[in-house]
file coords_21.pdb (PDB, C-alpha atoms)
ATOM      1  CA  LYS A 202     -43.188  11.661   2.545  1.00  0.00           C
ATOM      2  CA  ALA A 203     -40.720  10.088   0.133  1.00  0.00           C
ATOM      3  CA  LYS A 204     -37.443   9.020   1.674  1.00  0.00           C
ATOM      4  CA  ARG A 205     -34.331  10.634   0.371  1.00  0.00           C
ATOM      5  CA  GLY A 206     -31.952   8.268  -1.349  1.00  0.00           C
ATOM      6  CA  LYS A 207     -28.644   7.682   0.322  1.00  0.00           C
ATOM      7  CA  ARG A 208     -25.910   9.925  -0.930  1.00  0.00           C
ATOM      8  CA  GLU A 209     -23.462   7.977  -3.044  1.00  0.00           C
ATOM      9  CA  LYS A 210     -20.065   7.523  -1.423  1.00  0.00           C
ATOM     10  CA  LYS A 211     -17.378   9.470  -3.233  1.00  0.00           C
ATOM     11  CA  GLN A 212     -14.945   7.216  -5.067  1.00  0.00           C
ATOM     12  CA  VAL A 213     -11.420   7.243  -3.699  1.00  0.00           C
ATOM     13  CA  PRO A 214      -8.939   8.763  -6.156  1.00  0.00           C
ATOM     14  CA  ILE A 215      -6.540   6.211  -7.594  1.00  0.00           C
ATOM     15  CA  PRO A 216      -3.319   7.345  -9.329  1.00  0.00           C
ATOM     16  CA  THR A 217      -2.522   5.740 -12.679  1.00  0.00           C
ATOM     17  CA  SER A 218       0.458   3.429 -13.179  1.00  0.00           C
ATOM     18  CA  ALA A 219       1.977   6.081 -15.451  1.00  0.00           C
ATOM     19  CA  ASP A 220       1.719   8.697 -12.690  1.00  0.00           C
ATOM     20  CA  ILE A 221       3.235   6.350 -10.124  1.00  0.00           C
ATOM     21  CA  SER A 222       6.102   5.443 -12.473  1.00  0.00           C
ATOM     22  CA  LYS A 223       6.893   9.128 -13.079  1.00  0.00           C
ATOM     23  CA  MET A 224       6.711   9.809  -9.364  1.00  0.00           C
ATOM     24  CA  LEU A 225       9.106   6.983  -8.476  1.00  0.00           C
ATOM     25  CA  VAL A 226      11.658   8.273 -10.984  1.00  0.00           C
ATOM     26  CA  GLU A 227      11.489  11.679  -9.295  1.00  0.00           C
ATOM     27  CA  ALA A 228      11.458  10.105  -5.809  1.00  0.00           C
ATOM     28  CA  ASP A 229      14.778   8.380  -6.571  1.00  0.00           C
ATOM     29  CA  LYS A 230      16.319  11.855  -6.887  1.00  0.00           C
ATOM     30  CA  LEU A 231      15.382  12.685  -3.266  1.00  0.00           C
ATOM     31  CA  PRO A 232      17.670  11.852  -0.344  1.00  0.00           C
ATOM     32  CA  ALA A 233      17.765   8.049  -0.199  1.00  0.00           C
ATOM     33  CA  SER A 234      15.522   7.494   2.836  1.00  0.00           C
ATOM     34  CA  TYR A 235      12.715   9.654   1.398  1.00  0.00           C
ATOM     35  CA  GLY A 236      12.750   7.915  -1.955  1.00  0.00           C
ATOM     36  CA  LEU A 237      12.669   4.529  -0.244  1.00  0.00           C
ATOM     37  CA  TYR A 238       9.837   5.701   2.031  1.00  0.00           C
ATOM     38  CA  ILE A 239       7.716   6.549  -1.015  1.00  0.00           C
ATOM     39  CA  ARG A 240       8.618   3.357  -2.887  1.00  0.00           C
ATOM     40  CA  THR A 241       7.797   1.189   0.125  1.00  0.00           C
ATOM     41  CA  ALA A 242       4.412   2.900   0.480  1.00  0.00           C
ATOM     42  CA  VAL A 243       3.638   2.180  -3.187  1.00  0.00           C
ATOM     43  CA  LEU A 244       4.674  -1.488  -3.037  1.00  0.00           C
ATOM     44  CA  THR A 245       3.257  -2.490   0.372  1.00  0.00           C
ATOM     45  CA  GLY A 246       0.124  -0.374   0.754  1.00  0.00           C
ATOM     46  CA  CYS A 247       1.125   0.421   4.338  1.00  0.00           C
ATOM     47  CA  ARG A 248      -0.216   3.541   6.017  1.00  0.00           C
ATOM     48  CA  ALA A 249       2.262   6.340   6.770  1.00  0.00           C
ATOM     49  CA  GLY A 250       2.158   5.628  10.507  1.00  0.00           C
ATOM     50  CA  GLU A 251       2.822   1.936   9.892  1.00  0.00           C
ATOM     51  CA  LEU A 252       5.822   2.722   7.693  1.00  0.00           C
ATOM     52  CA  ARG A 253       7.220   5.118  10.275  1.00  0.00           C
ATOM     53  CA  GLY A 254       6.838   2.465  12.969  1.00  0.00           C
ATOM     54  CA  LEU A 255       8.852  -0.142  11.082  1.00  0.00           C
ATOM     55  CA  GLN A 256      12.125  -1.294  12.597  1.00  0.00           C
ATOM     56  CA  TRP A 257      14.685  -3.411  10.803  1.00  0.00           C
ATOM     57  CA  ARG A 258      13.728  -6.404  12.952  1.00  0.00           C
ATOM     58  CA  HIS A 259      10.376  -6.391  11.150  1.00  0.00           C
ATOM     59  CA  MET A 260      12.062  -7.105   7.816  1.00  0.00           C
ATOM     60  CA  ASP A 261      12.459 -10.729   6.778  1.00  0.00           C
ATOM     61  CA  PHE A 262      14.635 -10.564   3.686  1.00  0.00           C
ATOM     62  CA  ALA A 263      14.802 -14.351   3.340  1.00  0.00           C
ATOM     63  CA  ALA A 264      11.011 -14.701   3.363  1.00  0.00           C
ATOM     64  CA  ALA A 265      10.568 -11.539   1.270  1.00  0.00           C
ATOM     65  CA  SER A 266       8.117 -10.014   3.721  1.00  0.00           C
ATOM     66  CA  VAL A 267       7.637  -7.322   6.341  1.00  0.00           C
ATOM     67  CA  LEU A 268       5.786  -7.673   9.636  1.00  0.00           C
ATOM     68  CA  VAL A 269       3.427  -4.819  10.500  1.00  0.00           C
ATOM     69  CA  GLU A 270       2.822  -4.823  14.254  1.00  0.00           C
ATOM     70  CA  GLN A 271       3.092  -1.190  15.336  1.00  0.00           C
ATOM     71  CA  ARG A 272       2.742   2.364  14.107  1.00  0.00           C
ATOM     72  CA  ALA A 273       4.318   5.696  14.972  1.00  0.00           C
ATOM     73  CA  GLU A 274       2.108   8.663  15.836  1.00  0.00           C
ATOM     74  CA  GLN A 275       3.050  12.096  14.512  1.00  0.00           C
ATOM     75  CA  ASP A 276       4.784  12.916  17.813  1.00  0.00           C
ATOM     76  CA  GLY A 277       6.903   9.753  17.497  1.00  0.00           C
ATOM     77  CA  THR A 278       4.965   7.729  20.075  1.00  0.00           C
ATOM     78  CA  ILE A 279       4.821   4.038  19.182  1.00  0.00           C
ATOM     79  CA  GLY A 280       1.429   2.348  19.380  1.00  0.00           C
ATOM     80  CA  GLN A 281      -0.564  -0.569  18.045  1.00  0.00           C
ATOM     81  CA  PRO A 282      -2.033  -0.749  14.519  1.00  0.00           C
ATOM     82  CA  LYS A 283      -5.507   0.725  14.040  1.00  0.00           C
ATOM     83  CA  THR A 284      -7.226  -2.664  14.327  1.00  0.00           C
ATOM     84  CA  VAL A 285      -6.400  -6.254  15.310  1.00  0.00           C
ATOM     85  CA  SER A 286      -6.266  -7.116  11.609  1.00  0.00           C
ATOM     86  CA  GLY A 287      -3.691  -4.347  11.244  1.00  0.00           C
ATOM     87  CA  HIS A 288      -1.183  -6.883  12.601  1.00  0.00           C
ATOM     88  CA  ARG A 289      -0.127  -8.600   9.390  1.00  0.00           C
ATOM     89  CA  THR A 290       2.687  -9.812   7.183  1.00  0.00           C
ATOM     90  CA  VAL A 291       3.012  -8.141   3.791  1.00  0.00           C
ATOM     91  CA  PRO A 292       5.021  -9.618   0.888  1.00  0.00           C
ATOM     92  CA  LEU A 293       7.842  -7.596  -0.653  1.00  0.00           C
ATOM     93  CA  PRO A 294       8.902  -7.627  -4.336  1.00  0.00           C
ATOM     94  CA  ALA A 295      12.512  -8.406  -5.244  1.00  0.00           C
ATOM     95  CA  GLY A 296      13.469  -4.890  -6.355  1.00  0.00           C
ATOM     96  CA  LEU A 297      12.246  -3.341  -3.116  1.00  0.00           C
ATOM     97  CA  ILE A 298      13.994  -6.015  -1.047  1.00  0.00           C
ATOM     98  CA  ALA A 299      17.297  -5.163  -2.743  1.00  0.00           C
ATOM     99  CA  LYS A 300      16.910  -1.453  -1.931  1.00  0.00           C
ATOM    100  CA  LEU A 301      15.853  -2.140   1.665  1.00  0.00           C
ATOM    101  CA  LYS A 302      18.713  -4.571   2.190  1.00  0.00           C
ATOM    102  CA  ALA A 303      21.215  -2.014   0.881  1.00  0.00           C
ATOM    103  CA  ALA A 304      19.761   0.609   3.228  1.00  0.00           C
ATOM    104  CA  PHE A 305      19.989  -1.811   6.171  1.00  0.00           C
ATOM    105  CA  LEU A 306      23.651  -2.586   5.483  1.00  0.00           C
ATOM    106  CA  ALA A 307      24.436   1.114   5.097  1.00  0.00           C
ATOM    107  CA  SER A 308      22.624   1.987   8.338  1.00  0.00           C
ATOM    108  CA  GLY A 309      24.846  -0.129  10.568  1.00  0.00           C
ATOM    109  CA  ARG A 310      22.694  -3.275  10.811  1.00  0.00           C
ATOM    110  CA  ASN A 311      20.952  -2.246  14.041  1.00  0.00           C
ATOM    111  CA  LEU A 312      17.778  -4.356  14.121  1.00  0.00           C
ATOM    112  CA  ASP A 313      16.117  -2.018  16.628  1.00  0.00           C
ATOM    113  CA  ALA A 314      16.661   1.090  14.498  1.00  0.00           C
ATOM    114  CA  PHE A 315      13.710   2.560  12.624  1.00  0.00           C
ATOM    115  CA  VAL A 316      13.740   1.928   8.896  1.00  0.00           C
ATOM    116  CA  PHE A 317      12.597   5.490   8.201  1.00  0.00           C
ATOM    117  CA  SER A 318      14.040   7.888  10.740  1.00  0.00           C
ATOM    118  CA  ASN A 319      15.367  11.393  11.277  1.00  0.00           C
ATOM    119  CA  ARG A 320      18.978  12.275  12.047  1.00  0.00           C
ATOM    120  CA  VAL A 321      18.672  11.347  15.717  1.00  0.00           C
ATOM    121  CA  GLY A 322      17.075   7.962  15.043  1.00  0.00           C
ATOM    122  CA  GLU A 323      13.470   8.863  15.826  1.00  0.00           C
ATOM    123  CA  PRO A 324      10.621   7.892  13.471  1.00  0.00           C
ATOM    124  CA  LEU A 325      10.491  10.069  10.363  1.00  0.00           C
ATOM    125  CA  ASP A 326       8.465  13.256  10.836  1.00  0.00           C
ATOM    126  CA  HIS A 327       5.803  12.816   8.163  1.00  0.00           C
ATOM    127  CA  ASP A 328       4.620  16.435   8.307  1.00  0.00           C
ATOM    128  CA  ALA A 329       8.154  17.728   7.772  1.00  0.00           C
ATOM    129  CA  PHE A 330       8.638  15.215   4.945  1.00  0.00           C
ATOM    130  CA  SER A 331       5.409  16.363   3.307  1.00  0.00           C
ATOM    131  CA  GLY A 332       6.355  20.039   3.447  1.00  0.00           C
ATOM    132  CA  ARG A 333       9.983  19.734   2.398  1.00  0.00           C
ATOM    133  CA  GLN A 334       9.993  16.758   0.031  1.00  0.00           C
ATOM    134  CA  TRP A 335       6.577  15.348  -0.919  1.00  0.00           C
ATOM    135  CA  ARG A 336       4.617  18.470  -1.896  1.00  0.00           C
ATOM    136  CA  PRO A 337       7.537  20.175  -3.718  1.00  0.00           C
ATOM    137  CA  MET A 338       8.129  16.951  -5.684  1.00  0.00           C
ATOM    138  CA  LEU A 339       4.457  16.715  -6.661  1.00  0.00           C
ATOM    139  CA  LYS A 340       4.465  20.365  -7.724  1.00  0.00           C
ATOM    140  CA  ARG A 341       7.409  19.702 -10.040  1.00  0.00           C
ATOM    141  CA  LEU A 342       5.476  16.770 -11.537  1.00  0.00           C
ATOM    142  CA  GLY A 343       2.200  18.673 -11.870  1.00  0.00           C
ATOM    143  CA  MET A 344       0.492  16.260  -9.441  1.00  0.00           C
ATOM    144  CA  SER A 345      -0.270  18.621  -6.570  1.00  0.00           C
ATOM    145  CA  GLY A 346      -3.629  16.975  -5.910  1.00  0.00           C
ATOM    146  CA  LEU A 347      -2.036  13.672  -4.934  1.00  0.00           C
ATOM    147  CA  ASP A 348      -2.071  12.724  -1.267  1.00  0.00           C
ATOM    148  CA  PHE A 349       0.396  10.286   0.303  1.00  0.00           C
ATOM    149  CA  HIS A 350      -2.503   8.003   1.291  1.00  0.00           C
ATOM    150  CA  HIS A 351      -3.402   7.720  -2.407  1.00  0.00           C
ATOM    151  CA  LEU A 352      -0.365   5.443  -2.767  1.00  0.00           C
ATOM    152  CA  ARG A 353      -2.245   2.922  -0.640  1.00  0.00           C
ATOM    153  CA  HIS A 354      -5.226   3.230  -2.987  1.00  0.00           C
ATOM    154  CA  TYR A 355      -2.941   2.582  -5.946  1.00  0.00           C
ATOM    155  CA  TYR A 356      -1.552  -0.558  -4.285  1.00  0.00           C
ATOM    156  CA  ALA A 357      -5.025  -1.964  -3.644  1.00  0.00           C
ATOM    157  CA  SER A 358      -6.154  -1.176  -7.182  1.00  0.00           C
ATOM    158  CA  ALA A 359      -3.044  -2.748  -8.718  1.00  0.00           C
ATOM    159  CA  LEU A 360      -3.587  -5.959  -6.751  1.00  0.00           C
ATOM    160  CA  LEU A 361      -7.230  -6.184  -7.802  1.00  0.00           C
ATOM    161  CA  HIS A 362      -6.341  -5.637 -11.470  1.00  0.00           C
ATOM    162  CA  ALA A 363      -3.693  -8.359 -11.138  1.00  0.00           C
ATOM    163  CA  GLY A 364      -6.432 -10.776 -10.081  1.00  0.00           C
ATOM    164  CA  VAL A 365      -5.501 -11.037  -6.401  1.00  0.00           C
ATOM    165  CA  PRO A 366      -8.609 -12.204  -4.467  1.00  0.00           C
ATOM    166  CA  ILE A 367     -10.423  -9.496  -2.513  1.00  0.00           C
ATOM    167  CA  THR A 368      -9.857 -11.451   0.720  1.00  0.00           C
ATOM    168  CA  GLU A 369      -6.075 -11.343   0.219  1.00  0.00           C
ATOM    169  CA  VAL A 370      -6.121  -7.669  -0.748  1.00  0.00           C
ATOM    170  CA  SER A 371      -8.107  -6.950   2.410  1.00  0.00           C
ATOM    171  CA  ARG A 372      -5.631  -8.910   4.534  1.00  0.00           C
ATOM    172  CA  ARG A 373      -2.632  -7.074   3.097  1.00  0.00           C
ATOM    173  CA  LEU A 374      -4.288  -3.712   3.715  1.00  0.00           C
ATOM    174  CA  GLY A 375      -5.116  -4.648   7.302  1.00  0.00           C
ATOM    175  CA  HIS A 376      -8.861  -4.181   6.889  1.00  0.00           C
ATOM    176  CA  ALA A 377     -11.089  -5.795   9.510  1.00  0.00           C
ATOM    177  CA  ASP A 378     -13.429  -7.224   6.860  1.00  0.00           C
ATOM    178  CA  PRO A 379     -13.195  -7.807   3.076  1.00  0.00           C
ATOM    179  CA  ALA A 380     -16.528  -5.964   2.830  1.00  0.00           C
ATOM    180  CA  ILE A 381     -14.673  -2.782   3.788  1.00  0.00           C
ATOM    181  CA  THR A 382     -12.174  -3.327   0.987  1.00  0.00           C
ATOM    182  CA  LEU A 383     -14.948  -4.045  -1.504  1.00  0.00           C
ATOM    183  CA  ARG A 384     -16.883  -0.943  -0.472  1.00  0.00           C
ATOM    184  CA  ILE A 385     -13.843   1.305  -0.929  1.00  0.00           C
ATOM    185  CA  TYR A 386     -12.442  -0.255  -4.100  1.00  0.00           C
ATOM    186  CA  SER A 387     -15.426  -1.749  -5.940  1.00  0.00           C
ATOM    187  CA  HIS A 388     -14.953   0.809  -8.736  1.00  0.00           C
ATOM    188  CA  ALA A 389     -11.357  -0.372  -9.136  1.00  0.00           C
ATOM    189  CA  LEU A 390     -12.322  -3.960  -9.907  1.00  0.00           C
ATOM    190  CA  PRO A 391     -11.622  -5.163 -13.466  1.00  0.00           C
ATOM    191  CA  GLU A 392     -14.344  -4.514 -16.042  1.00  0.00           C
ATOM    192  CA  ALA A 393     -17.161  -7.034 -16.206  1.00  0.00           C
ATOM    193  CA  SER A 394     -16.566 -10.036 -18.434  1.00  0.00           C
ATOM    194  CA  THR A 395     -18.166 -10.230 -21.875  1.00  0.00           C
ATOM    195  CA  GLY A 396     -19.086 -13.843 -21.227  1.00  0.00           C
ATOM    196  CA  ALA A 397     -16.367 -15.317 -23.447  1.00  0.00           C
ATOM    197  CA  GLU A 398     -15.320 -17.619 -20.613  1.00  0.00           C
ATOM    198  CA  LEU A 399     -18.681 -19.361 -20.809  1.00  0.00           C
ATOM    199  CA  ALA A 400     -17.590 -21.156 -23.995  1.00  0.00           C
ATOM    200  CA  GLY A 401     -14.891 -22.966 -22.038  1.00  0.00           C
ATOM    201  CA  ILE A 402     -17.289 -23.784 -19.206  1.00  0.00           C
ATOM    202  CA  GLU A 403     -19.865 -25.093 -21.637  1.00  0.00           C
ATOM    203  CA  ALA A 404     -17.270 -27.157 -23.517  1.00  0.00           C
ATOM    204  CA  GLY A 405     -16.171 -28.741 -20.251  1.00  0.00           C
ATOM    205  CA  LEU A 406     -19.741 -29.636 -19.352  1.00  0.00           C
ATOM    206  CA  THR A 407     -20.405 -31.038 -22.826  1.00  0.00           C
ATOM    207  CA  GLY A 408     -17.297 -33.222 -22.630  1.00  0.00           C
ATOM    208  CA  ALA A 409     -18.259 -34.525 -19.196  1.00  0.00           C
ATOM    209  CA  GLN A 410     -21.798 -35.216 -20.450  1.00  0.00           C
ATOM    210  CA  GLN A 411     -20.481 -37.188 -23.401  1.00  0.00           C
ATOM    211  CA  ASP A 412     -18.291 -39.245 -21.054  1.00  0.00           C
ATOM    212  CA  CYS A 413     -21.339 -40.076 -18.950  1.00  0.00           C
ATOM    213  CA  ASN A 414     -23.283 -41.226 -22.019  1.00  0.00           C
ATOM    214  CA  ARG A 415     -20.594 -43.677 -23.170  1.00  0.00           C
TER     215      ARG A 415
END

call {"tool": "encode", "arguments": {"input": "coords_21.pdb", "output": "structure tokens"}}
result
Amino acid sequence: KAKRGKREKKQVPIPTSADISKMLVEADKLPASYGLYIRTAVLTGCRAGELRGLQWRHMDFAAASVLVEQRAEQDGTIGQPKTVSGHRTVPLPAGLIAKLKAAFLASGRNLDAFVFSNRVGEPLDHDAFSGRQWRPMLKRLGMSGLDFHHLRHYYASALLHAGVPITEVSRRLGHADPAITLRIYSHALPEASTGAELAGIEAGLTGAQQDCNR
């Protein structure tokens, strides 16, 4: 009896840069903390629970990085990241640092406060955010099929297209093994080369060969 072939894994949906740009413009119109929550997800690739677990003490503005060492469950309980490799430091771009720093100064500079919180200082309720802010915003943009976790997929794809090594992308995402990252995002890797780079390689070899023959 012939063996059935393995079912191909469905490719993860990755938003385009144009979609993300439009979304960030709209996100900036939301109450400040929600817009910053979305922007930070886009530019760090952190999971929702990891973002909700961030406290200001995890931000290192001087080093332009954020330490991920805990996550908030939906009920607000604080726990460890999903895996050991989930403990990581993620770089932050200058524009995001400026917005986070402004939010920190406006919040009262309490290092133990949550970066994204509700009115009583508890971790942001992601379900409430999704129902009141996220889904209505996507409906206005005609992007109702977009999930918050897709922002993480965009981040990974953008890094790969920028030429960041798969090992570094995997580390920033908190994956236990680069093979996991490759399996999920192999379709997001840049198109195969046409071989044009071989001319430079060949020229280098030819030059070295000529040097040896002198």

call {"tool": "closest_residue", "arguments": {"input": "coords_21.pdb", "among": "A:His351, A:Arg336, A:Arg372, A:Arg341", "to": "Val243 in chain A", "atoms": "only C-alpha atoms"}}
result
A:His351

call {"tool": "residues_around", "arguments": {"input": "coords_21.pdb", "residues": "range 289-295 of chain A", "least_positions_apart": "3", "cutoff": "8 Å", "atoms": "all atoms listed in the file", "output": "PyMOL selection string"}}
result
chain A and resi 244-245+265-270+286+298-299+372-373+375

call {"tool": "atom_distance", "arguments": {"input": "coords_21.pdb", "atom1": "CA of Gln275 in chain A", "atom2": "CA of Ser345 in chain A"}}
result
22.3 Å

call {"tool": "closest_residue", "arguments": {"input": "coords_21.pdb", "among": "A:Ser387, A:Ser331, A:Ser222, A:Gln212", "to": "Ala249 in chain A", "atoms": "all atoms listed in the file"}}
result
A:Ser331

call {"tool": "resolve_selection", "arguments": {"input": "coords_21.pdb", "expression": "the PyMOL selection byres ((chain A and resi 255-259) around 7)", "output": "JSON, numbers by chain"}}
result
{"A": [251, 252, 253, 254, 260, 261, 267, 268, 312, 313, 314, 315, 316]}

call {"tool": "atom_distance", "arguments": {"input": "coords_21.pdb", "atom1": "CA of Thr368 in chain A", "atom2": "CA of Tyr386 in chain A"}}
result
12.5 Å
